[in-house]
>>> print(open('structure00.txt').read())   # compact mmCIF, C-alpha atoms
# COMPACT_ATOMS: atom_id res chain seq x y z
CA MET A 1 -30.07 0.19 7.20
CA THR A 2 -28.33 -3.16 7.10
CA ILE A 3 -26.57 -4.47 4.02
CA GLN A 4 -25.89 -8.14 3.44
CA VAL A 5 -22.19 -8.73 2.86
CA SER A 6 -20.98 -11.79 1.00
CA PRO A 7 -17.87 -13.70 2.17
CA SER A 8 -16.01 -12.39 -0.87
CA ALA A 9 -16.72 -8.74 -0.11
CA ILE A 10 -13.13 -7.69 -0.74
CA ALA A 11 -13.02 -9.38 -4.12
CA ASN A 12 -16.37 -7.90 -5.09
CA SER A 13 -15.33 -4.38 -4.07
CA GLU A 14 -12.61 -4.35 -6.76
CA ALA A 15 -14.15 -6.70 -9.32
CA VAL A 16 -14.03 -5.78 -12.99
CA ASN A 17 -17.29 -5.17 -14.82
CA LEU A 18 -17.07 -8.22 -17.04
CA THR A 19 -20.05 -7.30 -19.17
CA SER A 20 -18.48 -4.10 -20.49
CA ALA A 21 -15.03 -5.66 -20.54
CA LEU A 22 -16.08 -8.54 -22.74
CA LEU A 23 -17.86 -6.21 -25.15
CA ASP A 24 -14.97 -3.80 -25.55
CA ARG A 25 -11.43 -4.94 -24.94
CA ASP A 26 -9.05 -2.26 -23.78
CA ALA A 27 -6.34 -1.72 -26.40
CA TYR A 28 -4.20 0.37 -24.04
CA LEU A 29 -4.33 -2.32 -21.35
CA LEU A 30 -3.41 -4.97 -23.91
CA GLY A 31 -0.41 -2.86 -24.84
CA LEU A 32 0.71 -2.80 -21.19
CA LEU A 33 0.16 -6.55 -21.00
CA ASN A 34 2.39 -7.12 -24.03
CA GLN A 35 5.11 -4.99 -22.47
CA VAL A 36 5.18 -6.88 -19.16
CA THR A 37 4.82 -10.39 -20.59
CA VAL A 38 7.86 -12.52 -19.74
CA PRO A 39 9.23 -15.56 -21.64
CA PRO A 40 7.24 -18.70 -20.77
CA THR A 41 8.59 -21.24 -18.31
CA GLU A 42 7.51 -24.63 -17.05
CA GLY A 43 5.63 -25.25 -13.82
CA TRP A 44 3.14 -23.68 -11.43
CA LEU A 45 4.32 -20.09 -11.85
CA GLN A 46 3.56 -20.10 -15.56
CA GLU A 47 0.07 -21.40 -14.80
CA VAL A 48 -0.43 -18.50 -12.41
CA ARG A 49 0.77 -16.03 -15.06
CA ASP A 50 -1.41 -17.53 -17.80
CA SER A 51 -4.55 -17.43 -15.65
CA ALA A 52 -3.98 -13.75 -14.81
CA LYS A 53 -3.09 -12.95 -18.41
CA ASN A 54 -6.37 -14.39 -19.67
CA TRP A 55 -8.25 -12.26 -17.17
CA VAL A 56 -6.43 -9.06 -18.17
CA ARG A 57 -7.17 -9.70 -21.85
CA HIS A 58 -10.88 -9.38 -21.06
CA SER A 59 -10.58 -6.49 -18.62
CA VAL A 60 -10.50 -2.71 -18.90
CA ILE A 61 -8.64 0.03 -17.07
CA PRO A 62 -11.23 1.55 -14.71
CA THR A 63 -12.77 4.94 -15.39
CA THR A 64 -14.57 7.50 -13.23
CA ARG A 65 -17.86 5.88 -14.28
CA GLU A 66 -17.07 3.07 -11.84
CA GLU A 67 -17.94 3.71 -8.21
CA GLU A 68 -14.58 2.51 -6.87
CA TRP A 69 -12.73 4.94 -9.16
CA ARG A 70 -15.12 7.89 -9.50
CA PHE A 71 -12.71 10.36 -7.87
CA THR A 72 -9.54 9.04 -9.53
CA ASP A 73 -9.23 9.84 -13.20
CA LEU A 74 -6.60 7.71 -14.97
CA SER A 75 -6.87 9.49 -18.32
CA GLU A 76 -3.41 11.06 -17.76
CA LEU A 77 -1.98 7.56 -17.38
CA ARG A 78 -3.49 6.46 -20.69
CA LYS A 79 -1.64 9.25 -22.51
CA VAL A 80 1.76 7.70 -21.72
CA GLU A 81 3.37 4.82 -23.57
CA PHE A 82 5.41 2.70 -21.18
CA GLN A 83 8.18 0.21 -21.74
CA VAL A 84 9.67 -2.20 -19.23
CA GLY A 85 12.39 -0.59 -17.14
CA LYS A 86 15.84 -2.15 -17.02
CA VAL A 87 18.14 -2.72 -14.08
CA GLN A 88 20.42 0.29 -13.67
CA PRO A 89 23.22 1.16 -11.23
CA VAL A 90 21.90 2.90 -8.13
CA ASP A 91 23.53 4.31 -5.01
CA VAL A 92 21.51 3.18 -1.98
CA SER A 93 23.71 4.72 0.72
CA ALA A 94 21.24 7.55 1.31
CA LEU A 95 18.28 5.16 1.21
CA SER A 96 19.44 2.57 3.73
CA LEU A 97 18.19 2.47 7.33
CA SER A 98 20.62 2.03 10.21
CA GLU A 99 18.36 -0.50 11.92
CA ALA A 100 18.25 -2.68 8.79
CA VAL A 101 21.73 -2.23 7.33
CA ASN A 102 22.20 -6.03 7.27
CA SER A 103 18.61 -6.99 6.51
CA ARG A 104 17.92 -5.14 3.27
CA LEU A 105 16.49 -6.57 0.06
CA VAL A 106 16.65 -4.28 -2.99
CA LEU A 107 14.74 -4.52 -6.27
CA VAL A 108 15.46 -2.04 -9.07
CA ASN A 109 12.63 -1.63 -11.57
CA GLY A 110 11.09 -4.77 -10.10
CA VAL A 111 14.22 -6.93 -10.52
CA TYR A 112 16.28 -8.29 -7.62
CA ALA A 113 19.63 -6.50 -7.21
CA PRO A 114 21.94 -8.88 -5.24
CA GLU A 115 24.85 -6.42 -5.22
CA LEU A 116 22.70 -3.91 -3.31
CA SER A 117 21.07 -6.40 -0.94
CA VAL A 118 22.42 -7.56 2.43
CA VAL A 119 20.58 -10.23 4.43
CA ALA A 120 23.27 -11.42 6.84
CA ASP A 121 21.78 -10.32 10.15
CA LEU A 122 18.83 -12.70 10.44
CA PRO A 123 18.09 -15.55 12.89
CA ASN A 124 17.58 -19.19 11.96
CA GLY A 125 14.14 -19.86 10.56
CA VAL A 126 13.99 -16.61 8.57
CA VAL A 127 14.35 -16.65 4.80
CA VAL A 128 14.68 -13.35 2.91
CA GLY A 129 15.44 -13.43 -0.79
CA ASN A 130 14.01 -13.48 -4.27
CA LEU A 131 11.93 -16.21 -5.84
CA SER A 132 14.56 -17.73 -8.13
CA THR A 133 17.13 -18.28 -5.35
CA LEU A 134 14.81 -19.95 -2.84
CA PRO A 135 15.39 -23.64 -2.00
CA SER A 136 12.79 -26.10 -3.29
CA THR A 137 11.27 -26.58 0.17
CA GLU A 138 10.51 -22.87 0.40
CA GLN A 139 9.23 -22.79 -3.18
CA GLU A 140 6.37 -25.05 -2.08
CA LEU A 141 5.39 -22.56 0.64
CA VAL A 142 5.49 -19.68 -1.84
CA GLN A 143 3.30 -21.65 -4.24
CA LYS A 144 0.71 -22.00 -1.48
CA TYR A 145 0.36 -18.24 -0.99
CA LEU A 146 1.48 -16.37 -4.11
CA ALA A 147 -1.44 -14.85 -6.06
CA GLN A 148 -3.96 -16.60 -3.82
CA SER A 149 -5.39 -13.58 -1.98
CA GLU A 150 -8.93 -12.25 -2.27
CA GLY A 151 -9.14 -9.47 -4.85
CA ALA A 152 -6.52 -11.09 -7.10
CA LEU A 153 -8.69 -10.38 -10.14
CA GLU A 154 -8.65 -6.61 -9.76
CA VAL A 155 -7.23 -5.40 -13.08
CA PHE A 156 -3.92 -3.90 -11.90
CA THR A 157 -3.31 -6.81 -9.52
CA ALA A 158 -3.93 -9.26 -12.35
CA LEU A 159 -1.60 -7.26 -14.63
CA ASN A 160 1.15 -7.57 -12.02
CA THR A 161 0.54 -11.31 -11.69
CA ALA A 162 0.55 -11.79 -15.46
CA GLY A 163 4.03 -10.27 -15.64
CA ILE A 164 5.67 -11.76 -12.53
CA SER A 165 9.40 -12.01 -13.19
CA ASP A 166 10.70 -11.76 -9.63
CA VAL A 167 9.32 -11.71 -6.11
CA ALA A 168 10.75 -10.35 -2.87
CA VAL A 169 10.06 -13.11 -0.35
CA VAL A 170 10.07 -12.98 3.46
CA LEU A 171 9.34 -16.27 5.24
CA VAL A 172 9.32 -16.54 9.03
CA ALA A 173 9.10 -20.02 10.58
CA LYS A 174 6.95 -21.03 13.54
CA ASN A 175 7.64 -19.29 16.86
CA VAL A 176 10.56 -17.26 15.46
CA ILE A 177 10.76 -13.69 16.74
CA VAL A 178 12.71 -11.40 14.39
CA GLU A 179 14.12 -8.45 16.33
CA THR A 180 15.75 -6.82 13.28
CA PRO A 181 13.37 -5.05 10.88
CA ILE A 182 13.46 -6.30 7.29
CA HIS A 183 13.77 -3.54 4.71
CA LEU A 184 12.30 -4.15 1.25
CA LEU A 185 13.54 -1.30 -0.94
CA PHE A 186 11.83 -0.93 -4.32
CA ILE A 187 13.64 1.58 -6.52
CA SER A 188 12.19 2.91 -9.77
CA VAL A 189 14.62 4.43 -12.26
CA ALA A 190 13.12 6.23 -15.25
CA GLY A 191 14.79 5.84 -18.62
CA GLU A 192 14.84 8.03 -21.71
CA LYS A 193 11.28 6.84 -22.28
CA ALA A 194 8.58 6.27 -19.68
CA THR A 195 9.02 2.91 -17.95
CA ILE A 196 6.81 0.43 -16.14
CA SER A 197 7.92 -1.82 -13.30
CA GLN A 198 5.88 -4.33 -11.30
CA PRO A 199 7.39 -5.01 -7.87
CA ARG A 200 6.00 -8.06 -6.10
CA ALA A 201 6.43 -9.09 -2.48
CA LEU A 202 5.25 -12.00 -0.37
CA VAL A 203 5.45 -12.10 3.43
CA VAL A 204 4.50 -15.28 5.31
CA ALA A 205 4.53 -15.29 9.12
CA GLU A 206 3.89 -18.78 10.43
CA SER A 207 2.15 -19.49 13.74
CA GLY A 208 3.62 -17.79 16.80
CA SER A 209 6.14 -15.71 14.86
CA GLN A 210 6.77 -11.96 14.94
CA VAL A 211 8.35 -9.74 12.29
CA SER A 212 8.58 -6.08 11.27
CA VAL A 213 8.70 -5.36 7.52
CA ILE A 214 9.42 -1.99 5.89
CA GLU A 215 8.42 -1.39 2.28
CA GLU A 216 9.78 1.71 0.59
CA PHE A 217 8.99 2.81 -2.95
CA VAL A 218 11.49 5.47 -3.98
CA THR A 219 13.33 6.96 -6.94
CA PRO A 220 16.81 8.54 -7.16
CA ALA A 221 15.61 11.19 -9.62
CA GLU A 222 12.47 12.70 -11.06
CA GLY A 223 11.07 10.95 -14.13
CA VAL A 224 7.93 9.57 -15.71
CA TYR A 225 7.21 5.92 -14.92
CA LEU A 226 4.52 3.59 -13.62
CA THR A 227 5.01 1.45 -10.54
CA ASN A 228 2.36 -1.27 -10.29
CA ALA A 229 3.10 -3.01 -7.00
CA VAL A 230 1.47 -5.94 -5.20
CA THR A 231 2.30 -7.20 -1.71
CA GLU A 232 0.68 -10.24 -0.13
CA ILE A 233 0.96 -10.87 3.62
CA ALA A 234 -0.20 -14.13 5.20
CA ILE A 235 -0.34 -14.15 9.01
CA ALA A 236 -0.91 -17.52 10.68
CA ASP A 237 -2.40 -18.28 14.10
CA ASN A 238 -1.06 -16.09 16.91
CA ALA A 239 1.53 -14.44 14.65
CA GLN A 240 2.29 -10.74 14.49
CA VAL A 241 3.36 -8.52 11.59
CA VAL A 242 4.18 -4.83 11.84
CA HIS A 243 4.15 -3.43 8.31
CA THR A 244 5.44 0.02 7.38
CA ARG A 245 4.77 1.13 3.80
CA VAL A 246 6.24 4.39 2.48
CA GLU A 247 5.58 5.61 -1.07
CA ARG A 248 7.94 8.43 -2.11
CA GLU A 249 7.79 8.27 -5.89
CA SER A 250 8.61 10.98 -8.44
CA LYS A 251 6.13 13.86 -8.53
CA VAL A 252 5.51 13.14 -12.23
CA ALA A 253 5.21 9.35 -11.86
CA PHE A 254 2.24 7.02 -11.41
CA HIS A 255 1.91 4.55 -8.56
CA ILE A 256 -0.72 1.82 -8.19
CA GLY A 257 -0.28 -0.38 -5.13
CA LYS A 258 -2.10 -3.33 -3.60
CA THR A 259 -1.56 -4.75 -0.11
CA ALA A 260 -3.55 -7.94 0.52
CA VAL A 261 -3.48 -9.33 4.07
CA THR A 262 -4.99 -12.52 5.50
CA GLN A 263 -5.22 -12.91 9.26
CA ALA A 264 -5.76 -16.27 10.97
CA ARG A 265 -7.13 -16.55 14.51
CA TYR A 266 -5.46 -14.59 17.32
CA SER A 267 -3.12 -12.89 14.83
CA ARG A 268 -2.09 -9.23 14.99
CA TYR A 269 -1.45 -6.90 12.05
CA THR A 270 -0.34 -3.29 12.24
CA CYS A 271 0.13 -1.15 9.13
CA HIS A 272 1.68 2.30 8.88
CA ALA A 273 1.06 3.49 5.31
CA LEU A 274 2.38 6.82 4.06
CA SER A 275 1.73 8.29 0.60
CA LEU A 276 3.94 11.25 -0.27
CA GLY A 277 4.85 11.09 -3.97
CA GLY A 278 3.42 10.44 -7.39
CA LYS A 279 1.46 12.54 -9.83
CA ILE A 280 -1.33 9.99 -9.41
CA SER A 281 -1.07 7.38 -6.68
CA ARG A 282 -3.46 4.79 -5.36
CA HIS A 283 -3.12 2.27 -2.53
CA ASN A 284 -5.63 -0.55 -2.13
CA LEU A 285 -5.28 -2.03 1.36
CA GLU A 286 -7.37 -5.15 1.91
CA VAL A 287 -7.48 -7.18 5.13
CA LEU A 288 -9.34 -10.50 5.31
CA GLN A 289 -9.99 -12.12 8.68
CA THR A 290 -9.97 -15.94 8.43
CA GLY A 291 -10.21 -16.74 12.15
CA GLU A 292 -11.60 -15.31 15.37
CA GLN A 293 -10.15 -12.77 17.79
CA THR A 294 -7.79 -10.95 15.44
CA GLU A 295 -6.36 -7.48 16.02
CA THR A 296 -5.95 -5.04 13.13
CA SER A 297 -4.50 -1.53 13.38
CA LEU A 298 -4.25 0.67 10.28
CA ASN A 299 -2.51 4.04 10.47
CA GLY A 300 -2.26 6.13 7.32
CA LEU A 301 -0.89 9.50 6.27
CA THR A 302 -1.24 11.19 2.89
CA MET A 303 0.74 14.40 2.33
CA ILE A 304 0.49 15.97 -1.12
CA ALA A 305 0.76 19.36 -2.84
CA GLY A 306 0.97 20.84 -6.33
CA ASN A 307 -1.40 18.96 -8.65
CA GLN A 308 -0.93 15.56 -7.03
CA LEU A 309 -3.78 13.10 -6.62
CA ALA A 310 -3.51 10.44 -3.89
CA ASP A 311 -6.21 7.81 -3.39
CA THR A 312 -6.42 5.37 -0.47
CA HIS A 313 -8.98 2.58 -0.60
CA SER A 314 -9.14 0.16 2.31
CA ALA A 315 -11.38 -2.81 3.01
CA ILE A 316 -11.45 -4.82 6.24
CA ALA A 317 -13.55 -8.00 6.20
CA LEU A 318 -14.20 -9.15 9.77
CA ASN A 319 -15.87 -12.49 9.15
CA HIS A 320 -15.40 -14.10 12.60
CA PRO A 321 -16.29 -13.13 16.18
CA TYR A 322 -14.23 -11.17 18.70
CA GLY A 323 -12.28 -9.27 16.05
CA THR A 324 -10.86 -5.82 16.79
CA SER A 325 -9.91 -3.21 14.20
CA ASN A 326 -8.87 0.40 14.57
CA GLN A 327 -8.13 2.68 11.61
CA LEU A 328 -6.92 6.28 11.56
CA HIS A 329 -6.09 7.89 8.23
CA LYS A 330 -4.95 11.50 7.91
CA CYS A 331 -4.54 13.67 4.82
CA ILE A 332 -2.56 16.91 4.51
CA VAL A 333 -3.45 18.59 1.22
CA GLY A 334 -1.89 21.75 -0.16
CA ASP A 335 -2.06 23.86 -3.33
CA ARG A 336 -4.41 22.25 -5.90
CA ALA A 337 -3.84 18.69 -4.75
CA HIS A 338 -6.66 16.16 -4.38
CA ALA A 339 -6.84 13.42 -1.74
CA VAL A 340 -9.31 10.53 -1.73
CA PHE A 341 -10.14 8.19 1.14
CA ASN A 342 -12.62 5.33 0.95
CA GLY A 343 -12.52 2.95 3.90
CA LYS A 344 -14.86 -0.02 4.25
CA VAL A 345 -15.41 -2.30 7.23
CA PHE A 346 -17.52 -5.40 6.62
CA VAL A 347 -19.11 -7.10 9.66
CA PRO A 348 -21.38 -9.98 8.54
CA LYS A 349 -23.70 -11.85 10.87
CA PRO A 350 -21.18 -14.49 12.11
CA ALA A 351 -18.83 -11.74 13.34
CA GLN A 352 -20.52 -11.17 16.70
CA LEU A 353 -18.77 -9.17 19.44
CA THR A 354 -16.64 -7.30 16.89
CA ASN A 355 -15.13 -3.96 17.91
CA ALA A 356 -14.29 -1.73 14.92
CA ALA A 357 -13.45 1.97 14.72
CA GLN A 358 -12.56 4.08 11.69
CA LEU A 359 -11.68 7.77 11.45
CA ASN A 360 -10.47 9.93 8.57
CA ARG A 361 -9.10 13.39 9.46
CA ASN A 362 -8.17 15.88 6.75
CA LEU A 363 -6.24 19.15 6.82
CA LEU A 364 -6.54 21.50 3.84
CA LEU A 365 -3.72 24.05 3.53
CA SER A 366 -5.14 25.90 0.55
CA SER A 367 -8.54 27.15 -0.55
CA LYS A 368 -8.06 25.18 -3.78
CA ALA A 369 -7.11 21.89 -2.13
CA ARG A 370 -9.70 19.11 -2.27
CA VAL A 371 -10.53 15.95 -0.38
CA ASP A 372 -13.21 13.33 -1.02
CA THR A 373 -13.82 11.07 1.96
CA LYS A 374 -16.14 8.11 2.37
CA PRO A 375 -15.79 5.99 5.51
CA GLN A 376 -18.18 3.03 5.43
CA LEU A 377 -19.50 0.39 7.82
CA GLU A 378 -21.53 -2.49 6.43
CA ILE A 379 -22.93 -4.46 9.34
CA THR A 380 -25.40 -7.32 9.69
CA ALA A 381 -24.16 -8.67 13.04
CA ASP A 382 -26.34 -7.41 15.91
CA ASN A 383 -23.92 -7.56 18.85
CA VAL A 384 -21.02 -5.33 17.86
CA LYS A 385 -19.38 -2.04 18.76
CA CYS A 386 -18.58 -0.07 15.60
CA ALA A 387 -17.97 3.60 14.84
CA HIS A 388 -16.76 5.69 11.93
CA GLY A 389 -16.31 9.34 11.07
CA ALA A 390 -14.54 11.98 9.01
CA THR A 391 -13.43 15.56 9.57
CA VAL A 392 -12.19 18.24 7.17
CA SER A 393 -10.58 21.40 8.49
CA GLN A 394 -8.07 24.16 7.78
CA LEU A 395 -5.41 25.70 9.98
CA GLU A 396 -7.13 27.88 12.56
CA ASP A 397 -6.26 31.57 12.53
CA ASP A 398 -6.61 31.67 16.32
CA GLU A 399 -3.99 28.93 16.73
CA ILE A 400 -1.56 30.70 14.39
CA PHE A 401 -2.17 34.01 16.19
CA TYR A 402 -1.54 32.35 19.57
CA LEU A 403 1.83 31.02 18.39
CA GLN A 404 2.70 34.40 16.88
CA SER A 405 1.97 36.00 20.24
CA ARG A 406 4.69 33.75 21.65
CA GLY A 407 7.26 35.13 19.20
CA ILE A 408 6.86 32.53 16.40
CA ASP A 409 6.40 33.89 12.87
CA SER A 410 3.43 32.76 10.77
CA ASN A 411 5.36 30.32 8.57
CA ASP A 412 6.91 28.56 11.55
CA ALA A 413 3.53 28.51 13.25
CA ARG A 414 2.00 26.74 10.26
CA LYS A 415 4.84 24.23 10.29
CA LEU A 416 4.36 23.49 13.98
CA LEU A 417 0.65 22.87 13.55
CA VAL A 418 1.10 20.63 10.52
CA ASN A 419 3.92 18.74 12.22
CA ALA A 420 1.67 18.07 15.20
CA PHE A 421 -1.09 16.83 12.88
CA ALA A 422 1.26 14.42 11.06
CA ALA A 423 3.23 13.33 14.12
CA GLU A 424 0.31 11.32 15.51
CA ILE A 425 0.85 8.86 12.64
CA ILE A 426 4.62 9.12 12.13
CA ASN A 427 5.49 8.71 15.81
CA GLN A 428 3.89 5.26 15.81
CA ILE A 429 6.43 3.95 13.28
CA PRO A 430 8.79 1.66 15.26
CA ILE A 431 11.92 2.49 13.21
CA PRO A 432 13.65 5.59 14.68
CA SER A 433 15.77 6.48 11.63
CA LEU A 434 12.78 6.22 9.28
CA ARG A 435 10.62 8.14 11.73
CA ASP A 436 13.14 10.99 11.87
CA LYS A 437 13.47 11.04 8.09
CA LEU A 438 9.71 11.35 7.66
CA LEU A 439 9.39 14.09 10.27
CA ASN A 440 12.07 16.04 8.39
CA THR A 441 10.05 15.54 5.21
CA VAL A 442 7.01 17.08 6.87
CA THR A 443 9.07 20.03 8.13
CA SER A 444 10.44 20.76 4.65
CA TYR A 445 7.03 20.40 3.00
CA LYS A 446 6.97 23.31 0.53
CA SER A 447 3.23 23.88 0.66
CA LEU A 448 3.36 24.82 4.35
CA THR A 449 4.09 28.43 3.51
CA ASN A 450 1.80 28.64 0.47
CA ASP A 451 -1.81 29.70 0.37
>>> encode(input="structure00.txt", output="structure tokens")
Amino acid sequence: MTIQVSPSAIANSEAVNLTSALLDRDAYLLGLLNQVTVPPTEGWLQEVRDSAKNWVRHSVIPTTREEEWRFTDLSELRKVEFQVGKVQPVDVSALSLSEAVNSRLVLVNGVYAPELSVVADLPNGVVVGNLSTLPSTEQELVQKYLAQSEGALEVFTALNTAGISDVAVVLVAKNVIVETPIHLLFISVAGEKATISQPRALVVAESGSQVSVIEEFVTPAEGVYLTNAVTEIAIADNAQVVHTRVERESKVAFHIGKTAVTQARYSRYTCHALSLGGKISRHNLEVLQTGEQTETSLNGLTMIAGNQLADTHSAIALNHPYGTSNQLHKCIVGDRAHAVFNGKVFVPKPAQLTNAAQLNRNLLLSSKARVDTKPQLEITADNVKCAHGATVSQLEDDEIFYLQSRGIDSNDARKLLVNAFAAEIINQIPIPSLRDKLLNTVTSYKSLTND
């Protein structure tokens, strides 16, 4: 069966049901909006905030009655009263990466921390900083891209936009190749009461440029908080962005993240997205092709245990011919944890000679672990090569027995098999120190020895 896809498929996939929203305003959402509202200012940024704020006022937090959220119940989130988190002293020595020791931008509870940031090791034509410190010439470029992506009216994205107080900005000029990875470190610090922070990032790679960006969402200690993050990435003609996103939040925290990517013709985008923390976490990854012959590679890994819930929703809109996309998302689920994957690839009629592949592989380590998977292709073009699939499996007794016959005990055998499953994603990360750190995380994964 063919399904007609509109040009705004990404926006429609996360659109709010305005009919119900207008009839019944969400008091809890309005309370969050009041918490994140910042003092008014003059200029274009305030107009952006006001527009988003008006949308949020007539929106609702999604429920499981909505198709896009039917496996992710946010009722636990609604039980918590949040207040805006404040900037607090943090030691980042254990969080820094050796490859990016002089190209690190740190935001604590969504606010730029200049004393923790170092951006000295960057070539000419690269600007890394926060919104308020950018020169006026760069402000114009930010204005062109900030809050302009498809899907900007999704409720959590709009809430972030309504409360923008600071933005981590990475701008790469034409034909500049950045050899040093840029590390955006977003740290959430819980207070005596539950806190909310709204990190915002904007990456612009102009034509012919190349850059590697690392986003990390971490916390120095366990605590209850909500991180509502939005990252926009604009990739111009023949530019390349390698994007590594690691979410390692508190096991009792909430994380809602949006990554919105636009790809112009001949551009290349690679994303390595890892979800490890959070009581409830969700990552919306949306890629919009705006020109022909783009290349998109999405690699994802979810690793959860206990009572965690991790939801990954991706949408790739291939609106022009000769596009190539390849997506592999893996989930490792232990104990009573619940993983969700919903991946969509839209190929409308103009996108002839598209080549798209999508695969979701899941490994359940417990009889009580759960995964809901829904890979989707929506195609109306008639000259394409597209494939999708999903697998769900457990550790094979025969494989464990084979390793035991070679003198490896059962716990170590389980670790080896899980490591091999995760390594296919982790080994593609181009940052050795981060790659080693993540492999150690897999090895120490507590649920490996639990049934």
>>> atom_distance(input="structure00.txt", atom1="atom CA of A:Ser267", atom2="atom CA of A:Glu295")
6.4 Å
>>> residues_around(input="structure00.txt", residues="A:Cys271", least_positions_apart="3", cutoff="7 Å", atoms="all atoms listed in the file", output="list in words")
Val242, His243, Thr244, Ser297, Leu298 and Asn299 of chain A
>>> write_last_selection(input="structure00.txt", atoms="C-alpha atoms", output="PDB file, keeping the file's coordinate frame")
ATOM      1  CA  VAL A 242       4.180  -4.830  11.840  1.00  0.00           C
ATOM      2  CA  HIS A 243       4.150  -3.430   8.310  1.00  0.00           C
ATOM      3  CA  THR A 244       5.440   0.020   7.380  1.00  0.00           C
ATOM      4  CA  SER A 297      -4.500  -1.530  13.380  1.00  0.00           C
ATOM      5  CA  LEU A 298      -4.250   0.670  10.280  1.00  0.00           C
ATOM      6  CA  ASN A 299      -2.510   4.040  10.470  1.00  0.00           C
TER       7      ASN A 299
END
>>> closest_residue(input="structure00.txt", among="A:Pro62, A:Gly291, A:Pro199, A:Gly208", to="A:Lys174", atoms="only C-alpha atoms")
A:Gly208
>>> residues_around(input="structure00.txt", residues="A:Ser51", least_positions_apart="6", cutoff="9 Å", atoms="only C-alpha atoms", output="count of residues only")
3
>>> residues_around(input="structure00.txt", residues="A:Ser209", least_positions_apart="4", cutoff="6 Å", atoms="all atoms listed in the file", output="list of chain:residue names")
A:Lys174, A:Asn175, A:Val176, A:Ile177, A:Ala205, A:Ala239
>>> residues_around(input="structure00.txt", residues="A:Cys386", least_positions_apart="4", cutoff="6 Å", atoms="all atoms listed in the file", output="ChimeraX atom specification")
/A:355-357
>>> write_last_selection(input="structure00.txt", atoms="C-alpha atoms", output="PDB file, in the coordinates of the input")
ATOM      1  CA  ASN A 355     -15.130  -3.960  17.910  1.00  0.00           C
ATOM      2  CA  ALA A 356     -14.290  -1.730  14.920  1.00  0.00           C
ATOM      3  CA  ALA A 357     -13.450   1.970  14.720  1.00  0.00           C
TER       4      ALA A 357
END
>>> atom_distance(input="structure00.txt", atom1="atom CA of A:Val172", atom2="atom CA of A:Val203")
8.1 Å
>>> atom_distance(input="structure00.txt", atom1="atom CA of A:Gly323", atom2="atom CA of A:Ala422")
27.7 Å
>>> closest_residue(input="structure00.txt", among="A:Lys144, A:Arg406, A:Lys385, A:Lys251", to="A:Val204", atoms="only C-alpha atoms")
A:Lys144
>>> closest_residue(input="structure00.txt", among="A:Arg200, A:Val119, A:Thr72, A:Ala264", to="A:Thr312", atoms="all atoms listed in the file")
A:Thr72
>>> residues_around(input="structure00.txt", residues="A:Glu232", least_positions_apart="2", cutoff="7 Å", atoms="all atoms listed in the file", output="number ranges by chain")
A: 201-203, 230, 234, 259-261
>>> closest_residue(input="structure00.txt", among="A:Glu206, A:Glu154, A:Glu81, A:Asp311", to="A:Ala236", atoms="all atoms listed in the file")
A:Glu206
>>> closest_atom_pairs(input="structure00.txt", of="stretch 269-308 of chain A", to="stretch 333-354 of chain A", cutoff="9 Å", atoms="only C-alpha atoms", output="JSON lines")
{"residue": "A:Arg282", "atom": "CA", "partner": "A:Val340", "partner_atom": "CA", "distance": 9.0}
{"residue": "A:Glu292", "atom": "CA", "partner": "A:Ala351", "partner_atom": "CA", "distance": 8.3}
{"residue": "A:Gln293", "atom": "CA", "partner": "A:Thr354", "partner_atom": "CA", "distance": 8.5}
{"residue": "A:Thr302", "atom": "CA", "partner": "A:Ala339", "partner_atom": "CA", "distance": 7.6}
{"residue": "A:Met303", "atom": "CA", "partner": "A:Val333", "partner_atom": "CA", "distance": 6.0}
{"residue": "A:Ile304", "atom": "CA", "partner": "A:Val333", "partner_atom": "CA", "distance": 5.3}
{"residue": "A:Ala305", "atom": "CA", "partner": "A:Gly334", "partner_atom": "CA", "distance": 4.5}
{"residue": "A:Gly306", "atom": "CA", "partner": "A:Asp335", "partner_atom": "CA", "distance": 5.2}
{"residue": "A:Asn307", "atom": "CA", "partner": "A:Ala337", "partner_atom": "CA", "distance": 4.6}
{"residue": "A:Gln308", "atom": "CA", "partner": "A:Ala337", "partner_atom": "CA", "distance": 4.8}
>>> residues_near_point(input="structure00.txt", point="(9.2, -20.8, -1.5)", cutoff="10 Å", atoms="all atoms listed in the file", output="number ranges by chain")
A: 127, 129-146, 169-171, 202, 204
>>> closest_residue(input="structure00.txt", among="A:Leu97, A:Ser281, A:Gln83, A:Ala147", to="A:Val48", atoms="all atoms listed in the file")
A:Ala147
